[in-house]
$ cat start.txt   # compact mmCIF, C-alpha atoms
# COMPACT_ATOMS: atom_id res chain seq x y z
CA MET N 117 0.00 0.00 0.00
CA ASN N 118 1.24 3.47 -0.85
CA PRO N 119 0.63 5.71 2.23
CA LYS N 120 0.42 8.77 0.00
CA SER N 121 -2.58 7.30 -1.79
CA THR N 122 -4.67 6.95 1.37
CA ILE N 123 -6.26 9.41 3.76
CA LYS N 124 -4.11 9.33 6.87
CA GLY N 125 -5.74 8.35 10.15
CA ARG N 126 -9.07 7.35 8.61
CA GLY N 127 -10.70 4.03 7.91
CA ALA N 128 -12.97 4.92 4.99
CA GLN N 129 -11.17 6.26 1.95
CA LEU N 130 -14.20 7.79 0.25
CA ASN N 131 -17.44 9.63 0.96
CA LEU N 132 -20.35 7.81 -0.65
CA PRO N 133 -23.39 9.88 -1.65
CA ASN N 134 -26.25 9.86 0.85
CA ARG N 135 -28.88 7.50 -0.55
CA PHE N 136 -31.69 9.77 0.66
CA PHE N 137 -30.43 12.80 -1.27
CA GLU N 138 -31.18 13.48 -4.93
CA LEU N 139 -27.97 15.50 -5.35
CA SER N 140 -24.44 14.46 -4.41
CA HIS N 141 -21.06 16.15 -3.97
CA GLU N 142 -18.13 14.99 -6.09
CA MET N 143 -14.42 15.81 -5.78
CA ARG N 144 -13.41 16.20 -9.44
CA TYR N 145 -9.92 15.49 -10.71
CA ASP N 146 -9.64 18.90 -12.38
CA PHE N 147 -10.34 20.54 -9.00
CA LEU N 148 -7.74 18.33 -7.31
CA GLU N 149 -5.24 19.23 -10.04
CA TYR N 150 -5.97 22.91 -9.50
CA CYS N 151 -5.39 22.57 -5.73
CA HIS N 152 -2.13 20.74 -6.39
CA LYS N 153 -0.84 23.49 -8.70
CA GLU N 154 -1.90 26.24 -6.29
CA GLY N 155 -0.46 24.48 -3.25
CA GLU N 156 -3.88 24.32 -1.59
CA THR N 157 -5.43 21.49 0.41
CA PRO N 158 -8.76 20.29 -1.03
CA ASP N 159 -9.74 18.54 2.22
CA THR N 160 -8.46 19.38 5.71
CA ASN N 161 -9.45 15.94 7.06
CA LYS N 162 -10.36 17.52 10.40
CA THR N 163 -13.04 16.25 12.74
CA LYS N 164 -16.00 18.52 13.44
CA TYR N 165 -18.20 18.21 16.51
CA LEU N 166 -21.80 19.27 15.98
CA GLU N 167 -24.33 19.61 18.79
CA VAL N 168 -27.77 18.05 18.27
CA PHE N 169 -30.82 18.08 20.50
CA PRO N 170 -32.82 14.83 20.44
CA LYS N 171 -35.99 14.52 22.49
CA THR N 172 -35.14 11.05 23.81
CA ILE N 173 -31.94 9.15 24.50
CA VAL N 174 -32.92 5.56 25.41
CA ASN N 175 -33.77 3.28 22.48
CA LYS N 176 -35.61 -0.03 22.55
CA VAL N 177 -33.60 -2.59 20.56
CA GLN N 178 -35.87 -4.58 18.24
CA SER N 179 -33.25 -7.00 16.89
CA PRO N 180 -33.59 -10.38 18.64
CA ASP N 181 -29.96 -11.43 18.10
CA VAL N 182 -28.12 -8.38 19.43
CA GLY N 183 -28.20 -9.36 23.09
CA MET N 184 -29.52 -6.13 24.58
CA GLY N 185 -32.99 -4.77 25.27
CA TYR N 186 -32.21 -1.05 25.49
CA SER N 187 -29.33 1.12 24.35
CA MET N 188 -28.29 4.76 24.35
CA ASN N 189 -25.74 6.70 22.33
CA ALA N 190 -24.28 9.98 23.50
CA TYR N 191 -22.62 10.47 20.12
CA GLN N 192 -23.59 9.72 16.52
CA GLY N 193 -20.75 9.01 14.16
CA CYS N 194 -17.46 7.70 15.54
CA GLU N 195 -13.95 9.03 15.14
CA HIS N 196 -12.45 5.57 15.73
CA GLY N 197 -12.99 4.94 12.00
CA CYS N 198 -13.46 1.16 12.15
CA ILE N 199 -13.84 0.23 8.49
CA TYR N 200 -16.36 -2.56 9.10
CA CYS N 201 -18.68 -0.65 11.48
CA TYR N 202 -22.36 -1.47 10.95
CA ALA N 203 -23.33 1.90 12.43
CA ARG N 204 -22.01 3.80 9.42
CA ASN N 205 -25.36 3.44 7.66
CA THR N 206 -27.17 5.34 10.43
CA HIS N 207 -25.24 8.50 9.60
CA GLU N 208 -27.32 8.84 6.44
CA PHE N 209 -30.41 9.42 8.56
CA TRP N 210 -28.71 12.53 9.94
CA GLY N 211 -27.96 13.81 6.43
CA TYR N 212 -24.34 12.70 6.14
CA SER N 213 -22.30 10.10 4.28
CA PRO N 214 -21.58 6.71 5.85
CA GLY N 215 -18.00 7.04 4.62
CA LEU N 216 -15.63 9.77 5.78
CA ASP N 217 -18.47 11.86 7.22
CA PHE N 218 -19.15 9.11 9.75
CA GLU N 219 -15.63 9.60 11.12
CA ARG N 220 -15.34 13.37 10.72
CA ARG N 221 -18.83 14.70 11.52
CA ILE N 222 -19.52 13.69 15.11
CA LEU N 223 -22.94 14.62 16.48
CA VAL N 224 -22.87 15.41 20.19
CA LYS N 225 -25.91 15.00 22.46
CA LYS N 226 -25.05 17.28 25.38
CA ASP N 227 -28.51 16.85 26.91
CA ALA N 228 -28.07 13.06 27.19
CA PRO N 229 -27.63 12.99 31.01
CA LYS N 230 -30.75 15.09 31.53
CA LEU N 231 -32.80 12.97 29.11
CA LEU N 232 -31.51 9.79 30.75
CA GLU N 233 -32.48 10.88 34.24
CA ALA N 234 -35.96 11.85 33.04
CA LYS N 235 -36.34 8.40 31.49
CA LEU N 236 -35.18 6.56 34.61
CA LYS N 237 -37.50 8.60 36.81
CA SER N 238 -40.48 8.05 34.52
CA LYS N 239 -43.45 6.46 36.29
CA ASN N 240 -43.74 3.70 33.69
CA TRP N 241 -40.07 2.77 33.49
CA LYS N 242 -39.04 -0.53 35.06
CA ALA N 243 -35.35 -1.23 35.50
CA GLN N 244 -33.70 -3.13 32.66
CA PRO N 245 -30.04 -2.95 31.69
CA ILE N 246 -29.33 -0.06 29.34
CA VAL N 247 -26.24 -0.48 27.17
CA MET N 248 -24.14 2.55 26.37
CA SER N 249 -22.70 2.29 22.85
CA GLY N 250 -25.27 0.12 21.14
CA ASN N 251 -24.39 2.06 18.00
CA THR N 252 -21.26 4.18 18.45
CA ASP N 253 -18.52 4.10 21.09
CA CYS N 254 -19.33 6.15 24.19
CA TYR N 255 -15.59 6.53 24.91
CA GLN N 256 -14.53 7.78 21.49
CA PRO N 257 -12.22 10.85 21.40
CA ALA N 258 -15.13 13.30 21.73
CA GLU N 259 -15.69 12.02 25.27
CA LYS N 260 -12.39 13.59 26.36
CA ILE N 261 -13.90 16.97 25.56
CA TYR N 262 -17.58 16.62 26.47
CA LYS N 263 -17.55 14.02 29.30
CA ILE N 264 -21.16 13.05 28.52
CA THR N 265 -20.56 9.38 29.26
CA ARG N 266 -19.20 10.18 32.70
CA ALA N 267 -22.21 12.39 33.44
CA CYS N 268 -24.53 9.55 32.37
CA LEU N 269 -22.71 7.10 34.67
CA GLU N 270 -23.32 9.53 37.52
CA VAL N 271 -27.04 9.39 36.68
CA PHE N 272 -27.02 5.59 36.67
CA LEU N 273 -25.29 5.61 40.05
CA LYS N 274 -27.67 8.17 41.50
CA CYS N 275 -30.68 6.13 40.32
CA LYS N 276 -29.16 2.75 41.24
CA HIS N 277 -29.83 1.56 37.71
CA PRO N 278 -27.95 -1.22 35.83
CA VAL N 279 -25.80 -0.18 32.87
CA GLY N 280 -23.68 -2.03 30.35
CA ILE N 281 -20.80 -0.42 28.49
CA ILE N 282 -19.35 -1.42 25.11
CA THR N 283 -16.06 0.19 24.16
CA LYS N 284 -12.65 -0.35 22.59
CA ASN N 285 -11.07 2.68 24.22
CA ALA N 286 -8.91 2.71 27.37
CA LEU N 287 -10.55 6.03 28.26
CA VAL N 288 -13.05 3.93 30.22
CA LEU N 289 -10.42 3.77 32.99
CA ARG N 290 -10.84 7.50 33.56
CA ASP N 291 -14.18 6.64 35.19
CA LEU N 292 -12.82 3.85 37.35
CA ASP N 293 -14.04 5.63 40.49
CA LEU N 294 -17.67 5.51 39.34
CA LEU N 295 -17.39 1.99 37.94
CA LYS N 296 -16.06 0.64 41.23
CA VAL N 297 -19.02 2.03 43.17
CA LEU N 298 -21.53 0.74 40.59
CA ALA N 299 -19.88 -2.68 40.64
CA GLN N 300 -20.36 -2.98 44.41
CA ASP N 301 -24.12 -3.38 43.76
CA GLN N 302 -23.72 -5.34 40.51
CA LEU N 303 -24.93 -2.37 38.49
CA VAL N 304 -22.30 -2.34 35.75
CA SER N 305 -20.50 -4.60 33.31
CA VAL N 306 -17.93 -3.52 30.73
CA ASN N 307 -17.63 -5.14 27.32
CA ILE N 308 -14.30 -4.55 25.60
CA SER N 309 -14.06 -5.11 21.86
CA VAL N 310 -10.85 -6.85 20.75
CA THR N 311 -10.29 -7.41 17.04
CA SER N 312 -6.63 -8.37 16.81
CA LEU N 313 -3.44 -8.85 18.81
CA SER N 314 -1.46 -7.53 15.85
CA GLU N 315 -0.87 -3.79 16.08
CA ASN N 316 -0.50 -3.53 12.31
CA THR N 317 -3.89 -5.18 11.76
CA ARG N 318 -5.51 -3.06 14.46
CA ARG N 319 -4.08 0.13 12.99
CA ILE N 320 -5.48 -0.38 9.50
CA LEU N 321 -8.82 -1.83 10.64
CA GLU N 322 -9.47 0.69 13.43
CA PRO N 323 -7.12 3.65 12.89
CA ARG N 324 -8.05 5.81 15.89
CA THR N 325 -8.70 3.20 18.55
CA THR N 326 -6.71 2.16 21.61
CA THR N 327 -3.82 -0.18 20.83
CA SER N 328 -4.27 -3.92 21.25
CA LYS N 329 -1.79 -3.98 24.15
CA LYS N 330 -3.60 -1.15 25.93
CA ARG N 331 -6.93 -2.96 25.61
CA LEU N 332 -5.52 -6.03 27.35
CA GLU N 333 -4.17 -3.76 30.09
CA THR N 334 -7.62 -2.15 30.38
CA ILE N 335 -9.26 -5.55 30.84
CA GLN N 336 -6.71 -6.37 33.51
CA VAL N 337 -7.22 -3.13 35.44
CA LEU N 338 -11.00 -3.45 35.37
CA SER N 339 -10.85 -7.07 36.45
CA THR N 340 -8.40 -6.31 39.26
CA ASN N 341 -10.87 -3.72 40.54
CA ARG N 342 -13.67 -6.33 40.53
CA ILE N 343 -15.51 -4.76 37.65
CA PRO N 344 -16.93 -7.57 35.48
CA VAL N 345 -15.41 -7.53 32.01
CA ASN N 346 -16.60 -9.43 28.96
CA VAL N 347 -14.90 -9.34 25.57
CA MET N 348 -16.32 -9.21 22.07
CA LEU N 349 -14.04 -10.77 19.46
CA ALA N 350 -15.82 -8.83 16.80
CA PRO N 351 -16.01 -8.86 13.99
CA ILE N 352 -14.14 -11.94 12.84
CA ILE N 353 -13.06 -11.26 9.26
CA PRO N 354 -11.89 -14.25 7.19
CA SER N 355 -8.22 -14.03 6.14
CA ILE N 356 -7.67 -10.87 8.22
CA ASN N 357 -8.13 -11.86 11.87
CA SER N 358 -9.83 -15.27 11.74
CA HIS N 359 -6.51 -17.01 12.49
CA GLU N 360 -6.25 -15.09 15.79
CA ILE N 361 -9.37 -16.48 17.53
CA LEU N 362 -7.58 -18.83 19.92
CA PRO N 363 -4.66 -16.47 20.73
CA MET N 364 -7.08 -13.60 21.37
CA ALA N 365 -9.29 -15.76 23.60
CA LYS N 366 -6.28 -16.92 25.61
CA ALA N 367 -4.95 -13.37 26.02
CA VAL N 368 -8.23 -11.83 27.20
CA SER N 369 -8.92 -14.74 29.55
CA GLU N 370 -5.50 -14.33 31.16
CA ALA N 371 -6.20 -10.58 31.47
CA GLY N 372 -9.34 -11.34 33.50
CA ALA N 373 -12.27 -11.41 31.06
CA LEU N 374 -15.23 -13.48 32.25
CA SER N 375 -16.56 -14.42 28.82
CA ILE N 376 -16.19 -13.91 25.09
CA GLY N 377 -18.67 -13.38 22.30
CA HIS N 378 -18.15 -13.01 18.58
CA THR N 379 -19.73 -12.04 15.28
CA ILE N 380 -18.71 -12.77 11.71
CA VAL N 381 -18.36 -9.61 9.68
CA ARG N 382 -21.29 -8.62 7.49
CA LEU N 383 -21.06 -5.61 5.21
CA ASN N 384 -24.59 -4.25 5.33
CA GLY N 385 -25.86 -1.34 3.23
CA ALA N 386 -23.22 1.12 2.07
CA ILE N 387 -20.50 -0.61 4.08
CA GLY N 388 -20.02 -3.18 1.33
CA GLU N 389 -18.74 -0.56 -1.09
CA ILE N 390 -16.74 1.28 1.59
CA PHE N 391 -15.04 -1.92 2.78
CA THR N 392 -14.38 -3.15 -0.78
CA ASP N 393 -12.68 0.14 -1.68
CA TRP N 394 -10.65 0.01 1.54
CA VAL N 395 -9.47 -3.61 1.26
CA LYS N 396 -8.37 -3.15 -2.36
CA LYS N 397 -6.28 -0.15 -1.34
CA THR N 398 -4.82 -1.55 1.88
CA MET N 399 -4.52 -5.26 1.05
CA PRO N 400 -4.39 -5.49 -2.76
CA ASP N 401 -2.60 -8.86 -2.63
CA ARG N 402 -5.48 -10.61 -0.83
CA ALA N 403 -8.46 -8.30 -1.35
CA ASP N 404 -10.35 -10.70 -3.63
CA LYS N 405 -9.71 -13.60 -1.27
CA VAL N 406 -11.08 -11.66 1.71
CA LEU N 407 -14.17 -10.52 -0.18
CA HIS N 408 -14.93 -13.97 -1.58
CA GLN N 409 -14.57 -15.60 1.84
CA ILE N 410 -16.92 -13.04 3.40
CA GLU N 411 -19.40 -13.78 0.61
CA SER N 412 -19.09 -17.50 1.29
CA CYS N 413 -20.30 -16.85 4.84
CA HIS N 414 -23.44 -15.07 3.63
CA GLY N 415 -24.80 -17.09 0.75
CA GLY N 416 -22.64 -15.51 -1.96
CA VAL N 417 -23.18 -11.86 -0.97
CA LEU N 418 -21.40 -9.48 1.38
CA ASN N 419 -24.38 -9.13 3.71
CA ASP N 420 -27.14 -11.31 5.05
CA SER N 421 -29.76 -9.45 7.10
CA ARG N 422 -31.70 -12.48 8.34
CA PHE N 423 -32.01 -12.62 12.11
CA GLY N 424 -30.18 -15.62 13.49
CA ALA N 425 -27.95 -16.09 10.45
CA ARG N 426 -26.51 -12.61 9.98
CA MET N 427 -24.21 -12.65 13.04
CA ARG N 428 -22.92 -16.22 12.72
CA GLY N 429 -22.94 -16.77 8.97
CA GLU N 430 -23.38 -20.03 7.07
CA GLY N 431 -21.15 -22.34 5.04
CA LYS N 432 -17.83 -24.06 5.70
CA ILE N 433 -15.77 -21.00 6.63
CA ALA N 434 -18.43 -19.68 9.01
CA GLU N 435 -18.73 -23.14 10.55
CA GLN N 436 -14.97 -23.28 11.07
CA ILE N 437 -14.96 -19.85 12.75
CA ASN N 438 -17.91 -20.70 15.01
CA ASN N 439 -16.31 -24.00 16.02
CA LEU N 440 -13.05 -22.27 16.88
CA VAL N 441 -14.92 -19.88 19.18
CA LYS N 442 -16.67 -22.83 20.86
CA LEU N 443 -13.27 -24.46 21.37
CA ALA N 444 -11.86 -21.21 22.78
CA LYS N 445 -14.69 -21.00 25.30
CA LEU N 446 -14.13 -24.58 26.44
CA LYS N 447 -10.38 -24.13 26.66
CA TYR N 448 -10.11 -20.71 28.29
CA PHE N 449 -13.50 -19.93 29.89
CA LYS N 450 -14.65 -23.29 31.21
CA ASP N 451 -14.94 -22.12 34.83
CA LYS N 452 -16.00 -18.53 34.08
CA ALA N 453 -19.37 -16.87 33.49
CA PRO N 454 -20.61 -13.31 32.87
CA GLN N 455 -22.18 -11.55 35.83
CA LYS N 456 -25.87 -10.73 35.76
CA LEU N 457 -26.77 -7.11 36.45
CA ASN N 458 -28.94 -6.15 39.43
CA CYS N 459 -32.34 -4.68 38.53
CA ASN N 460 -33.78 -4.68 42.05
CA LEU N 461 -32.36 -1.46 43.48
CA HIS N 462 -33.79 1.09 41.09
CA GLN N 463 -37.49 1.07 42.01
CA PRO N 464 -37.01 1.81 45.72
CA CYS N 465 -34.51 4.50 44.78
CA LYS N 466 -36.94 6.03 42.25
CA ASN N 467 -39.95 6.41 44.52
CA GLY N 468 -38.07 6.76 47.78
CA GLN N 469 -40.03 3.94 49.45
CA LEU N 470 -38.89 0.55 50.59
CA LYS N 471 -40.97 -2.56 49.93
CA LEU N 472 -42.00 -4.80 52.84
CA PHE N 473 -42.57 -7.82 50.62
$ encode --input "start.txt" --output "structure tokens"
Amino acid sequence: MNPKSTIKGRGAQLNLPNRFFELSHEMRYDFLEYCHKEGETPDTNKTKYLEVFPKTIVNKVQSPDVGMGYSMNAYQGCEHGCIYCYARNTHEFWGYSPGLDFERRILVKKDAPKLLEAKLKSKNWKAQPIVMSGNTDCYQPAEKIYKITRACLEVFLKCKHPVGIITKNALVLRDLDLLKVLAQDQLVSVNISVTSLSENTRRILEPRTTTSKKRLETIQVLSTNRIPVNVMLAPIIPSINSHEILPMAKAVSEAGALSIGHTIVRLNGAIGEIFTDWVKKTMPDRADKVLHQIESCHGGVLNDSRFGARMRGEGKIAEQINNLVKLAKLKYFKDKAPQKLNCNLHQPCKNGQLKLF
């Protein structure tokens, strides 16, 4: 790969047109040539943070195979730039591209803590675990500036409400003080996403994420502080990280993870074109092999949206991957189990009354 031919520090290498818009923006070669001759930069590649004001923050998850009932996202778009991210498509609903815009136009919901507290104090709300980052990472770089995730954790603690966290950023350790208190009442679990032990693979797949080594250290610190940690080996991508399943499982188990889960990559919606462009630029020697093996897991196409089949895939390669994960669980997690979150403390805290029975 020629570094000069790619956009530094980004996953996507193009901005696809928004499918909901009749018109699209195109960067023409004559304009690029003009910028080159004039010594100008056609694209600054800078991240912009844009404040938005939603009316609600907690979402009911309708998908039966996701493993969560409710989620919330303090940010839309994600600067981590993971090339495979299924959430890219949602950026189109906000009027942006699922490509570079997803990584460079981050929508910030500053009212999230206030909306969350209103939801938790609602008369009709009954405690169920709410997962932060069902769509985009709640500890992405924007969190360093806005600290919305921390404010939301303070709300969960105040309301004695269970919360799950999904992240691939070591920034979660900044909030160790809150996590430790929540964990005392079994009100929190942290799910760390690990995609590779190879720093080179991590860097091209997820350009602005925490290093692989730092993620293992994060798991260890959380575990040492008795905060339950589970790990998602996700997504597994044939011929990119599929050979790392057993080493990754061993490493996260030794670091203190209580369980592992996995998904097989599926390139839904616009992500198919974004990923195809990326893999041909970054791995030209095996791009076709990677794409064909992904297709073999989804009936000859890059994406299968059927519930039940979409996360695990079908065919020989998918079967091999799923069997390796089963083996990893037996080998490294035989005497471990994820901790169930406590939903019994919120109601008394909400109404200020204790139950006799």
$ closest_residue --input "start.txt" --among "N:Lys276, N:Cys201, N:Asp181, N:Asp159" --to "N:Lys466" --atoms "all atoms listed in the file"
N:Lys276
$ residues_near_point --input "start.txt" --point "(-15.0, 0.2, 41.6)" --cutoff "10 Å" --atoms "only C-alpha atoms" --output "count of residues only"
17
$ atom_distance --input "start.txt" --atom1 "atom CA of N:Gln336" --atom2 "atom CA of N:Ala371"
4.7 Å
$ closest_residue --input "start.txt" --among "N:Leu166, N:Val347, N:Ile199, N:Cys275" --to "N:Leu216" --atoms "only C-alpha atoms"
N:Ile199
$ closest_residue --input "start.txt" --among "N:Ala373, N:Arg382, N:Lys442, N:Thr163" --to "N:Glu430" --atoms "only C-alpha atoms"
N:Arg382
$ closest_residue --input "start.txt" --among "N:Thr172, N:Ser213, N:Thr252, N:Pro180" --to "N:Leu232" --atoms "only C-alpha atoms"
N:Thr172
$ residues_around --input "start.txt" --residues "N:Asp420" --least-positions-apart "2" --cutoff "12 Å" --atoms "only C-alpha atoms" --output "short mmCIF file (atom, residue, chain, number, x, y, z; two decimals) with C-alpha atoms, keeping the file's coordinate frame"
data_model
loop_
_atom_site.label_atom_id
_atom_site.label_comp_id
_atom_site.auth_asym_id
_atom_site.auth_seq_id
_atom_site.Cartn_x
_atom_site.Cartn_y
_atom_site.Cartn_z
CA ILE N 380 -18.71 -12.77 11.71
CA VAL N 381 -18.36 -9.61 9.68
CA ARG N 382 -21.29 -8.62 7.49
CA LEU N 383 -21.06 -5.61 5.21
CA ASN N 384 -24.59 -4.25 5.33
CA GLY N 385 -25.86 -1.34 3.23
CA GLY N 388 -20.02 -3.18 1.33
CA ILE N 410 -16.92 -13.04 3.40
CA GLU N 411 -19.40 -13.78 0.61
CA SER N 412 -19.09 -17.50 1.29
CA CYS N 413 -20.30 -16.85 4.84
CA HIS N 414 -23.44 -15.07 3.63
CA GLY N 415 -24.80 -17.09 0.75
CA GLY N 416 -22.64 -15.51 -1.96
CA VAL N 417 -23.18 -11.86 -0.97
CA LEU N 418 -21.40 -9.48 1.38
CA ARG N 422 -31.70 -12.48 8.34
CA PHE N 423 -32.01 -12.62 12.11
CA GLY N 424 -30.18 -15.62 13.49
CA ALA N 425 -27.95 -16.09 10.45
CA ARG N 426 -26.51 -12.61 9.98
CA MET N 427 -24.21 -12.65 13.04
CA ARG N 428 -22.92 -16.22 12.72
CA GLY N 429 -22.94 -16.77 8.97
CA GLU N 430 -23.38 -20.03 7.07
#
$ atom_distance --input "start.txt" --atom1 "atom CA of N:Asp227" --atom2 "atom CA of N:Phe272"
15.0 Å
$ decode --input "start.txt" --residues "stretch 200-240 of chain N" --atoms "C-alpha atoms" --output "short mmCIF file (atom, residue, chain, number, x, y, z; two decimals), in the first residue's frame"
data_model
loop_
_atom_site.label_atom_id
_atom_site.label_comp_id
_atom_site.auth_asym_id
_atom_site.auth_seq_id
_atom_site.Cartn_x
_atom_site.Cartn_y
_atom_site.Cartn_z
CA TYR N 200 -16.36 -2.56 9.10
CA CYS N 201 -18.68 -0.65 11.48
CA TYR N 202 -22.36 -1.47 10.95
CA ALA N 203 -23.33 1.90 12.43
CA ARG N 204 -22.01 3.80 9.42
CA ASN N 205 -25.36 3.44 7.66
CA THR N 206 -27.17 5.34 10.43
CA HIS N 207 -25.24 8.50 9.60
CA GLU N 208 -27.32 8.84 6.44
CA PHE N 209 -30.41 9.42 8.56
CA TRP N 210 -28.71 12.53 9.94
CA GLY N 211 -27.96 13.81 6.43
CA TYR N 212 -24.34 12.70 6.14
CA SER N 213 -22.30 10.10 4.28
CA PRO N 214 -21.58 6.71 5.85
CA GLY N 215 -18.00 7.04 4.62
CA LEU N 216 -15.63 9.77 5.78
CA ASP N 217 -18.47 11.86 7.22
CA PHE N 218 -19.15 9.11 9.75
CA GLU N 219 -15.63 9.60 11.12
CA ARG N 220 -15.34 13.37 10.72
CA ARG N 221 -18.83 14.70 11.52
CA ILE N 222 -19.52 13.69 15.11
CA LEU N 223 -22.94 14.62 16.48
CA VAL N 224 -22.87 15.41 20.19
CA LYS N 225 -25.91 15.00 22.46
CA LYS N 226 -25.05 17.28 25.38
CA ASP N 227 -28.51 16.85 26.91
CA ALA N 228 -28.07 13.06 27.19
CA PRO N 229 -27.63 12.99 31.01
CA LYS N 230 -30.75 15.09 31.53
CA LEU N 231 -32.80 12.97 29.11
CA LEU N 232 -31.51 9.79 30.75
CA GLU N 233 -32.48 10.88 34.24
CA ALA N 234 -35.96 11.85 33.04
CA LYS N 235 -36.34 8.40 31.49
CA LEU N 236 -35.18 6.56 34.61
CA LYS N 237 -37.50 8.60 36.81
CA SER N 238 -40.48 8.05 34.52
CA LYS N 239 -43.45 6.46 36.29
CA ASN N 240 -43.74 3.70 33.69
#
